[in-house]
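Scroll down for the structure; my scribbles are underneath it.
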Amino acid sequence: MSRFYDLNGSLIAESSPFAGPEHRGLRYGDGLFETMLLMDGCVPLFQLHESRLSESAQILGYKLDSDFFERLPKRIHQLVNAQQSTEYGRLRLSIFRKGSGTYFPEEQEVESLMEFIPMAAGQLLQMAPHLIIDVYPHHRKPINTLGGLKTSNALLYILAGAWARAQQLSDAVILNEKGRICETVNSNLFIIKRDEIWTPPLSEGCLMGVMRAYLLTLFRKLNITIKEIPLEIHALDEADEVFLTNGFWGIQPVMGYKKLRYFKRSSSSLMDALRHQLKNEVIKVKEGL
């Protein structure tokens with residue numbers, strides 16, 4: 001089956017080159033990206049992705065077309081249809097600054113590239129059974145405005161991911177510059193202690209996760225006590241449960257930290273609630289609400 005990409009609203013074949021050696025994304029990592037869950041042809045958290053990308057573009061000085069987000073659903077539909085496959089899977093939208101200028105960019109306009117990885121409906125929002133984590137010891141994440149963005153510069157995460165793989169771990173906990181829990185290689189981190197859920201606030205340098213933001217609202221709607229508080233490493237030793245979240249996999253319970261093993265009863269029920277709520281979000285999108 002032929003694969004296509006969407007480049008600035010036009011379909012291109014997978015084999016077609018789109019970037020030359022002077023491309024700013026290639027040379028400087030001058031870009032942003034969003035990974036979006038596609039369910040039944042819809043992106044249920046589209047508004048949260050739009051909000052994050054708009055805020056991120058403003059921070060980096062990117063100039064998006066005034067109708068960029070208005071045109072995006074049509075571009076998604078066109079790309080998914082071109083694949084002649086399921087309307088379920090993962091979308092990755094990348095935004096790059098155009099032009100030259102080395103470290104002194106001469107333009108603020110952007111170009112965008114979108115790809116679609118199709119999956120069967122039953123593969124979405126499934127929990128991995130045996131996640132084992134540990135703390136990445138080598139580099140810490142600075143606390144600044146850029147820390148919350150999903151940029152094309154992912155060296156910290158790549159190094160932490162390579163370390164986790166070498167240790168035969170599922171994921172690695174990344175600490176911020178103060179030595180406190182920030183996030184993991186590809187997820188925000190939550191801790192369940194007694195009847196409360198804790199997660200680091202954005203002021204600790206963690207990613208502005210779309211699923212994180214959605215779950216904060218959902219938990220409060222379900223009258224679950226959720227606290228955004230700084231977390232020291234020892235919180236992992238004292239937790240009843242730990243789970244990870246991102247915009248594609250939803251909620252992923254952690255089975256173990258070092259030799260410690262966790263329950264996942266609450267995490268499983270929270271995942272069930274999330275699945276139900278996302279189906280409702282798809283219905284709202286289809287009904288134009």
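Following the order of the structure tokens, chains are lettered A, B, ..., residues in each are numbered from 1, and ligands are numbered from 1.
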
Query - Spatial neighbours of Lys221 of chain A, max dist 12 Å, only C-alpha atoms, sep filter under 6 positions, as a list in words - result: Tyr214, Leu215, Ala273, Leu274 and Gln277 of chain A

Neighbours of Met271 of chain A within 10 Å (only C-alpha atoms; same-chain residues fewer than 4 positions away dropped), as an mmCIF file with C-alpha atoms, in the first residue's frame?
data_model
loop_
_atom_site.group_PDB
_atom_site.id
_atom_site.type_symbol
_atom_site.label_atom_id
_atom_site.label_comp_id
_atom_site.auth_asym_id
_atom_site.auth_seq_id
_atom_site.Cartn_x
_atom_site.Cartn_y
_atom_site.Cartn_z
ATOM 1 C CA LEU A 125 -5.708 3.016 24.392
ATOM 2 C CA GLN A 126 -4.399 -0.395 25.454
ATOM 3 C CA MET A 127 -2.394 -0.718 28.654
ATOM 4 C CA TRP A 249 -1.595 5.851 24.841
ATOM 5 C CA GLY A 250 -3.768 7.540 27.449
ATOM 6 C CA ILE A 251 -3.031 6.083 30.892
ATOM 7 C CA GLN A 252 -0.285 3.500 31.359
ATOM 8 C CA PRO A 253 0.061 1.921 34.835
ATOM 9 C CA SER A 266 -7.186 2.612 40.390
ATOM 10 C CA SER A 267 -5.144 3.142 37.230
ATOM 11 C CA ARG A 275 -11.897 5.485 27.141
ATOM 12 C CA HIS A 276 -15.561 6.235 27.830
ATOM 13 C CA GLN A 277 -14.993 9.971 27.908
#

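Each of A:Ala160, A:Ile181, A:Leu72, A:Leu7 was checked against Gln47 of chain A using only C-alpha atoms; the smallest atom-to-atom distance is that of A:Leu72.
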
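Residues in contact with Glu111 of chain A at 7 Å, where only C-alpha atoms are counted and same-chain residues fewer than 5 positions away are skipped, are listed as Asn8, Ile95, Phe96, Arg97 and Lys98 of chain A.
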
Write the residues of the selection above to a file with N, CA and C atoms, as a JSON list (two decimals), in the first residue's frame.
[["chain", "number", "residue", "atom", "x", "y", "z"],
["A", 8, "ASN", "N", 2.12, 21.00, 3.80],
["A", 8, "ASN", "CA", 1.45, 22.30, 3.64],
["A", 8, "ASN", "C", 0.09, 22.19, 2.96],
["A", 95, "ILE", "N", 5.86, 21.27, 12.60],
["A", 95, "ILE", "CA", 5.90, 22.66, 12.15],
["A", 95, "ILE", "C", 7.35, 23.12, 12.16],
["A", 96, "PHE", "N", 7.84, 23.65, 11.06],
["A", 96, "PHE", "CA", 9.22, 24.12, 10.97],
["A", 96, "PHE", "C", 9.26, 25.58, 10.51],
["A", 97, "ARG", "N", 10.21, 26.33, 11.05],
["A", 97, "ARG", "CA", 10.41, 27.69, 10.58],
["A", 97, "ARG", "C", 11.07, 27.65, 9.19],
["A", 98, "LYS", "N", 10.59, 28.46, 8.29],
["A", 98, "LYS", "CA", 11.14, 28.53, 6.94],
["A", 98, "LYS", "C", 12.40, 29.39, 6.91]]

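Using only C-alpha atoms, the smallest distance between any of A:Arg24, A:Arg3, A:Arg52, A:Arg212 and Ser187 of chain A comes from A:Arg212.
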
Query raised in the report: Which of these residues is nearest to Tyr62 of chain A, using only C-alpha atoms: A:Ala172, A:Leu32, A:Met39, A:Ala120?
Result: A:Leu32

Within 10 Å of Asp195 of chain A using only C-alpha atoms, minus same-chain residues under 5 positions, as a compact mmCIF listing (two decimals) with N, CA and C atoms, in the first residue's frame:
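In the end it all went to around_31.txt:
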# COMPACT_ATOMS: atom_id res chain seq x y z
N ILE A 224 -12.33 13.42 41.95
CA ILE A 224 -11.10 12.79 42.41
C ILE A 224 -10.15 13.90 42.85
N THR A 225 -9.55 13.74 44.01
CA THR A 225 -8.62 14.75 44.51
C THR A 225 -7.32 14.69 43.72
N ILE A 226 -7.02 15.76 43.00
CA ILE A 226 -5.81 15.83 42.19
C ILE A 226 -5.01 17.04 42.64
N ASP A 240 1.31 4.34 46.21
CA ASP A 240 0.52 3.12 46.08
C ASP A 240 0.47 2.67 44.62
N SER A 266 -6.62 1.30 40.71
CA SER A 266 -7.19 2.61 40.39
C SER A 266 -6.82 3.04 38.99

Query raised in the report: Can you list, as a list in words, every protein, DNA or RNA residue that comes within 8 Å of Leu189 of chain A when you count only C-alpha atoms, leaving out same-chain residues fewer than 6 positions away?
Result: Cys182, Glu183, Thr199, Pro200, Val242, Phe243, Leu244 and Thr245 of chain A

Dump as a short mmCIF file (atom, residue, chain, number, x, y, z; two decimals), in the first residue's frame, selection limited to C-alpha atoms:
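Generated file (selection.cif):
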data_model
loop_
_atom_site.label_atom_id
_atom_site.label_comp_id
_atom_site.auth_asym_id
_atom_site.auth_seq_id
_atom_site.Cartn_x
_atom_site.Cartn_y
_atom_site.Cartn_z
CA CYS A 182 9.70 16.09 36.07
CA GLU A 183 8.37 13.50 33.60
CA THR A 199 1.58 15.20 39.54
CA PRO A 200 4.30 17.83 39.11
CA VAL A 242 2.20 5.21 39.53
CA PHE A 243 0.91 5.81 36.04
CA LEU A 244 2.16 7.60 32.92
CA THR A 245 0.10 9.59 30.44
#

Query - Contacts of His130 of chain A within 12 Å, only C-alpha atoms, excl. fewer than 2 positions in-chain, as a PyMOL selection string - result: chain A and resi 127-128+132-133+168-171+243+252-257+261-264

**Report entry** Backbone-only DSSP, strand (DSSP E) members of segment 9-64 of chain A, as a list in words
**Finding:** Ser10, Leu11, Ile12, Ala13, Gly31, Leu32, Phe33, Glu34, Thr35, Met36, Leu37 and Leu38 of chain A

Report task. Give the answer as one residue: which of A:Phe219, A:Tyr5, A:Phe69, A:Tyr157 has the shortest atom-to-atom distance to Ile197 of chain A, using only C-alpha atoms? Result -> A:Phe219

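The spacing separating atom CA of Leu93 of chain A from atom CA of Met119 of chain A amounts to 17.1 Å.
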